[in-house]
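Structure record follows, encoded as structure tokens.
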2 protein chains.
Amino acid sequence: MVVNGNRRIVVIGGTACGPKAAARARRCDPGARITIIEQGAGVSSATCGFPYYVSGVIEKRSSLLVRGPDYFKKVMNIDVLLQTRAQKIDVAARAVEVINLETQKISKLEYDKLVIATGSVPLVPDIEGKHLGGVFTLSRLEDAEAIKNFVTLHKLKKAAIIGAGFIGLEMAEAFATLGIEVTVVEALNWVMPAFFDFEIAAHLEKHLRSNGVKVYCGQRVTGLQGDKQGLVCMVTTTDGSLETQLVLLAVGTRPAVQLARDAGLVIGERGGIVVNEYLQTNDPDIYAGGDCVENIHRLTGKKVLVPLGSTANKHGRVIGTNITGGSDVFPGVLGTGIAKVFEFNVGRVGLTEPEARVSGYTVATSLVLGNEHAAYYPGSKQFLLKLIADKNGGRVLGGQMVGLGDVSKRLDVLATALSFGATVNDLANLDLAYAPPYNAALDPLHHAANTLRNKQSNLAKALTPGEVKTKLERGDDFILLDVRSQAEWKEERIETRQSTLIPLDKLRERLVDLPRDKEIITLCHSSVRAYQAQRILEGAGFTKVKFMDGSLVAWPYQTSKAE
Amino acid sequence: MVVNGNRRIVVIGGTACGPKAAARARRCDPGARITIIEQGAGVSSATCGFPYYVSGVIEKRSSLLVRGPDYFKKVMNIDVLLQTRAQKIDVAARAVEVINLETQKISKLEYDKLVIATGSVPLVPDIEGKHLGGVFTLSRLEDAEAIKNFVTLHKLKKAAIIGAGFIGLEMAEAFATLGIEVTVVEALNWVMPAFFDFEIAAHLEKHLRSNGVKVYCGQRVTGLQGDKQGLVCMVTTTDGSLETQLVLLAVGTRPAVQLARDAGLVIGERGGIVVNEYLQTNDPDIYAGGDCVENIHRLTGKKVLVPLGSTANKHGRVIGTNITGGSDVFPGVLGTGIAKVFEFNVGRVGLTEPEARVSGYTVATSLVLGNEHAAYYPGSKQFLLKLIADKNGGRVLGGQMVGLGDVSKRLDVLATALSFGATVNDLANLDLAYAPPYNAALDPLHHAANTLRNKQSNLAKALTPGEVKTKLERGDDFILLDVRSQAEWKEERIETRQSTLIPLDKLRERLVDLPRDKEIITLCHSSVRAYQAQRILEGAGFTKVKFMDGSLVAWPYQTSKAE
């Protein structure tokens with residue numbers, strides 16, 4: 001460890017990566033002179049908590065400011081310059097020109113090592129009316145405050161959210177919690193389109209609707225109209241228009257790289273600062289981390305933008321080590337993401353099915369219903385799990401989960417497994433913790449992996465709900481064989497001319513009732529019985545049998561329900 | 001896949017591994033003739049749910065019987081012979097001699113492949129009075145029923161549990177839930193001694209006491225005394241005696257291997273049936289799985305006994321595949337275990353600290369306080385986490401967790417990481433799911449791994465609470481420097497002549513008050529500030545500074561508290 005009393009470290013950005021890098025640098029180098037520059041009024045802020053601050057779940061603003069400047073000075077001996085913007089990096093002179101936004105005073109800070117942690121800024125679509133009153137983005141604490149104030153001031157009744165990504169849907173819940181009627185408009189065909197496949201997103205969308213949120217997918221916003229006071233009052237889309245009192249633009253973010261670009265640092269194709277595994281830019285004395293840099297995706301090896309506080313914190317530690325003479329590397333990300341959306345937990349990791357295909361994989365998937373713990377122990381909630389693997393070799397490529405049950409545990413297990421290049425065989429034999437309050441003897445991930453192994457060995461043959469839907473719409477001639485009980489059938493079923501009911505425990509004795517030459521697709525509640533039925537039929541010599549993956553639970557379309 | 005209409009499969013044991021192996025065999029081979037032999041009255045029973053059935057948390061007996069014989073016949077075309085005991089395996093004739101326990105009729109079942117899934121039986125210590133009325137073990141549904149009935153019949157007020165393992169402590173909660181005064185007697189020095197190190201077990205023990213359970217460790221039971229009705233009324237131990245109305249013997253289990261041993265199958269040093277990775281015994285037509293076999297520990301490569309339903313289920317699938325012409329292997333176990341004990345969640349995976357040392361590792365540990373999710377999001381509960389790694393190379397060897405917070409997620413992440421030989425570096429950079437309701441930006445596992453990395457790089461220097469306690473008892477001359485706030489100090493502190501308070505934010509200005517030549521051990525609530533203080537002191541030139549790992553949160557001994 002180099003201990004150099006004169007090392008000057010300047011950190012631009014005081015949200016997550018910056019303060020972490022500074023604090024780590026201090027612990028590694030007691031003598032360094034460390035300064036954090038932050039243009040806002042606070043440092044070390046918990047950005048991911050903003051939706052909960054708006055909704056009132058988090059009551060105090062102070063909860064969102066993890067550490068104050070005073071702490072940094074007294075404990076860490078780090079200078080924090082608030083309301084101060086870095087205007088220019090003079091790479092040759094190794095100095096940053098900063099302006100105090102209150103006094104407008106300009107000064108220069110010399111550095112031996114510079115850290116750029118300028119974060120990201122919300123994307124604002126280039127539409128008419130974007131500057132109207134009542135139009136917001138949410139990326140800074142000031143934005144959250146402004147939204148809260150606007151809601152109170154105007155006794156808000158209606159809000160429109162443009163973009164059904166993580167922030168969009170978290171804010172949909174926040175507004176609904178405040179009793180506001182919420183409409184979400186998403187340009188692509190389903191919610192969270194960049195993160196989830198249709199089968200999973202469809203369930204999230206249902207849940208949003210059941211909580212009173214209006215969701216319009218496949219509609220692009222074309223403009224915002226204002227009233228006489230200059231406040232937004234209407235959103236027009238490619239499909240029509242809707243009245244509102246507030247618009248939240250939540251269509252994504254882009255890395256804040258202007259400062260870096262002006263300094264001649266290399267910006268990548270994805271728009272983030274290019275760094276090596278040490279998080280070092282093309283200038284060896286300048287490091288960058290957090291939302292403003294491009295990360296390596298650990299599965300594809302490609303550059304990606306995944307702006308997250310978790311990654312920013314890890315970056316900060318790596319940078320803090322490296323700028324004080326140590327050596328640490330950041331191995332990349334897996335695109336792990338999770339959100340609470342009303343009562344649902346939704347999470348994903350790795351590649352979606354289309355992403356896996358684009359990356360050149362032959363994809364196999366399974367869709368299973370999971371119990372968060374032993375079904376016989378009270379309170380077990382369920383969730384739907386989609387597992388994605390490489391058909392050749394069985395390497396796990398990704399997973400998506402949605403539902404009331406605890407998805408966060410399975411997501412983290414999967415993220416861990418993906419870090420090590422796990423195959424479905426590996427996954428199937430993980431020695432996960434078992435006791436009835438925590439899990440069943442086999443975890444949903446075990447079931448999902450085993451389903452994929454059954455497909456690999458050609459024991460299980462399945463169609464996705466989407467594939468079955470296509471066949472129904474095309475009017476294909478096949479039997480949609482429901483093997484649930486009479487009672488379940490009465491309760492809810494897929495009503496088509498192809499549908500037939502033979503409960504599983506009657507199937508062996510009623511084989512004669514089924515034509516051997518016809519295609520049969522079996523179906524039950526969660527596909528456990530449907531798979532069993534497929535094996536029974538194949539065992540009896542039927543050759544054109546498949547089951548519907550995830551069965552009714554995963555079926556995102558219309559069903560007939562008992563009144 | 002071989003499909004042989006004549007393949008005869010006999011499965012001995014109908015709890016977990018047996019039924020799973022049979023069902024899997026059926027799915028792989030539609031034509032096989034499959035028979036399950038079970039000596040009890042039910043098949044496919046959820047053994048791990050028994051404590052919750054006794055307590056009434058699980059209300060219905062039927063909830064614990066996952067599948068009935070009828071299901072096996074109608075759906076799986078598998079014959080289940082209940083109340084039937086396998087008496088002898090005739091290896092040469094490939095036949096099992098069975099006796100119907102109701103009719104006493106003896107018959108023979110010929111097999112092409114035999115599966116032994118005879119499970120385990122409770123150890124009964126060889127003490128006087130073990131056959132008295134009111135003395136129970138708990139391994140079968142009948143035991144749970146008998147305990148329930150006894151509790152009701154005698155309007156039970158007092159129960160004693162011999163053995164503080166998983167079942168012992170789950171049953172302590174069950175009895176307490178029923179309003180019964182519980183005493184636990186454990187021969188070794190702390191609760192769950194085979195699974196947890198003292199630092200973790202001590203917290204569990206506190207929690208038991210705070211729930212009214214009397215815990216006596218380091219006392220061996222020497223005998224049980226009965227009353228005139230032949231019902232147990234007293235337990236005598238090496239330290240005294242205690243009155244009771246019921247005794248639960250929960251000192252462990254041993255594999256049920258008599259049948260296998262008599263058949264000439266190889267029994268291992270640990271007392272379980274020896275199987276290869278295909279779960280095949282030394283007779284190629286006989287497979288064995290579940291509690292009756294020895295497993296490979298994935299970290300040490302050594303044979304271990306870890307009787308668990310989760311493992312038994314995985315075994316069943318592997319066996320079902322292999323006896324029907326397929327090929328699957330079981331990679332071994334990691335000793336993952338979890339239990340709910342009142343409000344506490346306790347879990348462990350891998351090696352304990354002594355186990356790691358015995359296995360030849362130079363051990364490094366960290367002890368951190370974890371928040372289950374972002375501290376600023378409501379309802380975050382905490383837990384204590386001990387991480388164990390190899391000092392040379394940083395390979396993670398094990399982890400233990402205890403507390404109110406969600407340990408099950410971190411346990412499963414750790415189990416997954418251990419499966420792949422993860423190092424602390426790997427652990428520190430796992431891309432785990434982050435949103436305030438689910439986690440903080442860095443998971444407790446990240447913190448624990450980073451603490452170990454700091455120790456490896458000699459930034460962090462720590463003593464365990466146990467080591468500090470030893471120094472205090474020895475009367476060593478050092479400063480126990482508490483760096484919490486005045487208010488925290490007033491609330492609770494370690495009261496010794498070595499203790500001094502200097503709040504962290506005053507430390508830099510009060511360095512002159514501290515002698516530079518004396519040993520200093522810093523201390524705070526969770527050790528975050530204590531580590532910071534260590535770095536500040538070292539940065540100022542102090543050379544004999546360490547912090548106390550886990551600090552007050554991990555301190556299992558007496559403290560002085562404000563009234």
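Each chain in the structure tokens gets a letter, A, B, ..., in the order shown, and its residues are numbered from 1; ligands are numbered from 1 in order too.
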
- Kindly provide, as number ranges by chain, the residues of chain A having any atom no farther than 7 Å from an atom of chain B, counting only C-alpha atoms. A: 27, 30, 48-49, 58, 63-64, 74-75, 309-310, 313-314, 333-334, 336-339, 376-378, 408-409, 411-413, 415-417, 420, 429-436, 438, 441-442, 504-505, 535, 539

- Item | For range 231-247 of chain B: contacts at 12 Å, only C-alpha atoms, fewer than 4 positions along chain excluded, given as a PyMOL selection string | chain B and resi 124+127-138+146-163+168+171-172+175+180-187+214-227+251

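Shell of Lys455 in chain B at 10 Å, with only C-alpha atoms counted and residues fewer than 4 places along the chain excluded, is Ala364, Thr365, Ser366, Lys391, Ala449, Asn450, Thr451, Leu459, Ala460, Lys461 and Ala462 of chain B.
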
Could you turn the residues from that selection into a file that holds C-alpha atoms, as a PDB file, in the first residue's frame?
ATOM      1  CA  ALA B 364      -9.877 -16.245   8.346  1.00  0.00           C
ATOM      2  CA  THR B 365     -13.282 -15.116   9.575  1.00  0.00           C
ATOM      3  CA  SER B 366     -15.452 -12.035   9.586  1.00  0.00           C
ATOM      4  CA  LYS B 391      -6.580 -17.335   4.533  1.00  0.00           C
ATOM      5  CA  ALA B 449     -16.430 -10.679   1.964  1.00  0.00           C
ATOM      6  CA  ASN B 450     -14.991  -7.169   1.882  1.00  0.00           C
ATOM      7  CA  THR B 451     -14.121  -7.395   5.566  1.00  0.00           C
ATOM      8  CA  LEU B 459      -6.012  -3.024   6.228  1.00  0.00           C
ATOM      9  CA  ALA B 460      -8.377  -4.490   8.783  1.00  0.00           C
ATOM     10  CA  LYS B 461      -7.017  -6.083  11.926  1.00  0.00           C
ATOM     11  CA  ALA B 462      -9.529  -7.661  14.218  1.00  0.00           C
TER      12      ALA B 462
END

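Looking only at range 391-543 of chain B, the set that DSSP places in strand (DSSP E or B) from backbone geometry is Arg395, Val396, Leu397, Gly398, Gly399, Gln400, Met401, Val402, Gly403, Thr423, Ala462, Leu463, Ile479, Leu480, Leu481, Asp482, Glu492, Arg493, Ser499, Thr500, Leu501, Ile520, Ile521, Thr522 and Leu523 of chain B.
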
Print the selection's residues with N, CA and C atoms to a file, as a tab-separated table (two decimals), in the first residue's frame.
chain	number	residue	atom	x	y	z
B	395	ARG	N	-10.46	-18.81	-0.58
B	395	ARG	CA	-11.62	-19.63	-0.88
B	395	ARG	C	-12.62	-19.60	0.28
B	396	VAL	N	-13.89	-19.41	-0.05
B	396	VAL	CA	-14.92	-19.38	0.99
B	396	VAL	C	-15.17	-20.80	1.46
B	397	LEU	N	-15.21	-20.98	2.78
B	397	LEU	CA	-15.36	-22.32	3.35
B	397	LEU	C	-16.69	-22.53	4.05
B	398	GLY	N	-17.31	-21.45	4.48
B	398	GLY	CA	-18.58	-21.64	5.17
B	398	GLY	C	-19.15	-20.35	5.69
B	399	GLY	N	-20.38	-20.43	6.14
B	399	GLY	CA	-21.03	-19.26	6.71
B	399	GLY	C	-22.08	-19.67	7.71
B	400	GLN	N	-22.32	-18.79	8.66
B	400	GLN	CA	-23.35	-19.04	9.68
B	400	GLN	C	-24.08	-17.74	9.93
B	401	MET	N	-25.38	-17.83	10.13
B	401	MET	CA	-26.19	-16.62	10.28
B	401	MET	C	-27.25	-16.84	11.33
B	402	VAL	N	-27.54	-15.78	12.06
B	402	VAL	CA	-28.58	-15.89	13.10
B	402	VAL	C	-29.23	-14.52	13.31
B	403	GLY	N	-30.52	-14.51	13.48
B	403	GLY	CA	-31.19	-13.26	13.79
B	403	GLY	C	-32.60	-13.19	13.26
B	423	THR	N	-14.27	-17.68	-4.19
B	423	THR	CA	-13.36	-16.98	-3.28
B	423	THR	C	-14.08	-15.76	-2.71
B	462	ALA	N	-8.43	-7.47	13.27
B	462	ALA	CA	-9.53	-7.66	14.22
B	462	ALA	C	-9.25	-8.76	15.22
B	463	LEU	N	-9.92	-8.66	16.34
B	463	LEU	CA	-10.00	-9.74	17.30
B	463	LEU	C	-11.46	-10.16	17.39
B	479	ILE	N	-6.43	-0.65	25.86
B	479	ILE	CA	-7.58	0.26	25.87
B	479	ILE	C	-8.68	-0.33	25.01
B	480	LEU	N	-9.83	-0.50	25.61
B	480	LEU	CA	-11.00	-0.95	24.84
B	480	LEU	C	-11.75	0.32	24.45
B	481	LEU	N	-11.46	0.77	23.23
B	481	LEU	CA	-11.90	2.10	22.82
B	481	LEU	C	-13.26	2.04	22.12
B	482	ASP	N	-14.27	2.45	22.84
B	482	ASP	CA	-15.63	2.47	22.30
B	482	ASP	C	-15.80	3.77	21.51
B	492	GLU	N	-25.92	1.07	26.74
B	492	GLU	CA	-25.33	-0.25	26.96
B	492	GLU	C	-23.84	-0.19	26.66
B	493	ARG	N	-23.06	-0.85	27.52
B	493	ARG	CA	-21.61	-0.86	27.26
B	493	ARG	C	-20.96	-2.06	27.93
B	499	SER	N	-12.17	0.06	29.44
B	499	SER	CA	-13.08	0.76	28.52
B	499	SER	C	-12.94	2.28	28.56
B	500	THR	N	-12.96	2.86	27.36
B	500	THR	CA	-12.93	4.32	27.21
B	500	THR	C	-13.86	4.69	26.08
B	501	LEU	N	-14.50	5.82	26.18
B	501	LEU	CA	-15.37	6.28	25.10
B	501	LEU	C	-14.77	7.50	24.40
B	520	ILE	N	-4.58	-0.90	21.53
B	520	ILE	CA	-5.94	-0.35	21.50
B	520	ILE	C	-6.85	-1.29	20.72
B	521	ILE	N	-7.98	-1.62	21.31
B	521	ILE	CA	-8.99	-2.43	20.60
B	521	ILE	C	-10.24	-1.57	20.47
B	522	THR	N	-10.59	-1.26	19.23
B	522	THR	CA	-11.74	-0.38	19.02
B	522	THR	C	-13.02	-1.21	18.93
B	523	LEU	N	-14.11	-0.53	19.18
B	523	LEU	CA	-15.39	-1.19	19.39
B	523	LEU	C	-16.50	-0.22	19.05

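Take the candidates A:Ala174, A:Ile200, A:Val115, A:Cys292 and check each one against Val96 in chain A using only C-alpha atoms; the shortest distance goes to A:Val115.
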
- So what do you get for CA of Gly320 in chain B versus CA of Arg24 in chain B, distance-wise? 4.8 Å

Please identify the alpha helix (DSSP H) residues within range 209-335 of chain A (assignment by DSSP from backbone atoms) and present them as a compact mmCIF listing (two decimals) with N, CA and C atoms, in the first residue's frame.
# COMPACT_ATOMS: atom_id res chain seq x y z
N ARG A 209 -53.22 -3.83 -13.56
CA ARG A 209 -54.64 -3.54 -13.84
C ARG A 209 -55.51 -3.87 -12.63
N SER A 210 -55.20 -4.97 -11.97
CA SER A 210 -56.04 -5.36 -10.82
C SER A 210 -55.86 -4.38 -9.66
N GLN A 258 -20.70 14.28 -20.64
CA GLN A 258 -20.22 15.47 -21.37
C GLN A 258 -18.84 15.90 -20.90
N LEU A 259 -18.69 15.95 -19.59
CA LEU A 259 -17.42 16.38 -19.00
C LEU A 259 -16.27 15.47 -19.46
N ALA A 260 -16.54 14.17 -19.43
CA ALA A 260 -15.53 13.19 -19.83
C ALA A 260 -15.22 13.32 -21.33
N ARG A 261 -16.28 13.49 -22.11
CA ARG A 261 -16.11 13.60 -23.56
C ARG A 261 -15.26 14.85 -23.90
N ASP A 262 -15.60 15.97 -23.24
CA ASP A 262 -14.87 17.22 -23.49
C ASP A 262 -13.39 17.08 -23.11
N GLY A 309 -27.42 1.36 -8.23
CA GLY A 309 -26.66 1.74 -7.05
C GLY A 309 -25.76 0.62 -6.53
N SER A 310 -26.21 -0.62 -6.72
CA SER A 310 -25.40 -1.75 -6.26
C SER A 310 -24.08 -1.81 -7.01
N THR A 311 -24.16 -1.65 -8.32
CA THR A 311 -22.95 -1.67 -9.14
C THR A 311 -22.07 -0.46 -8.82
N ALA A 312 -22.72 0.69 -8.66
CA ALA A 312 -21.97 1.92 -8.36
C ALA A 312 -21.16 1.77 -7.08
N ASN A 313 -21.75 1.14 -6.08
CA ASN A 313 -21.03 0.94 -4.82
C ASN A 313 -19.83 0.01 -5.00
N LYS A 314 -20.02 -1.04 -5.78
CA LYS A 314 -18.88 -1.96 -6.01
C LYS A 314 -17.79 -1.24 -6.79
N HIS A 315 -18.21 -0.47 -7.81
CA HIS A 315 -17.24 0.33 -8.56
C HIS A 315 -16.43 1.22 -7.61
N GLY A 316 -17.13 1.87 -6.69
CA GLY A 316 -16.47 2.81 -5.79
C GLY A 316 -15.35 2.15 -5.01
N ARG A 317 -15.60 0.95 -4.54
CA ARG A 317 -14.57 0.27 -3.76
C ARG A 317 -13.36 -0.07 -4.63
N VAL A 318 -13.63 -0.58 -5.83
CA VAL A 318 -12.54 -0.94 -6.74
C VAL A 318 -11.70 0.30 -7.06
N ILE A 319 -12.38 1.40 -7.34
CA ILE A 319 -11.66 2.63 -7.69
C ILE A 319 -10.86 3.14 -6.49
N GLY A 320 -11.50 3.15 -5.32
CA GLY A 320 -10.81 3.63 -4.12
C GLY A 320 -9.52 2.85 -3.85
N THR A 321 -9.55 1.57 -4.13
CA THR A 321 -8.35 0.74 -3.98
C THR A 321 -7.30 1.11 -5.02
N ASN A 322 -7.75 1.22 -6.27
CA ASN A 322 -6.79 1.41 -7.36
C ASN A 322 -6.13 2.79 -7.37

- Give the answer as one residue: which of A:Val512, A:Ala250, A:Val304, A:Ala554 has the shortest atom-to-atom distance to Leu204 in chain A, using only C-alpha atoms? A:Ala554
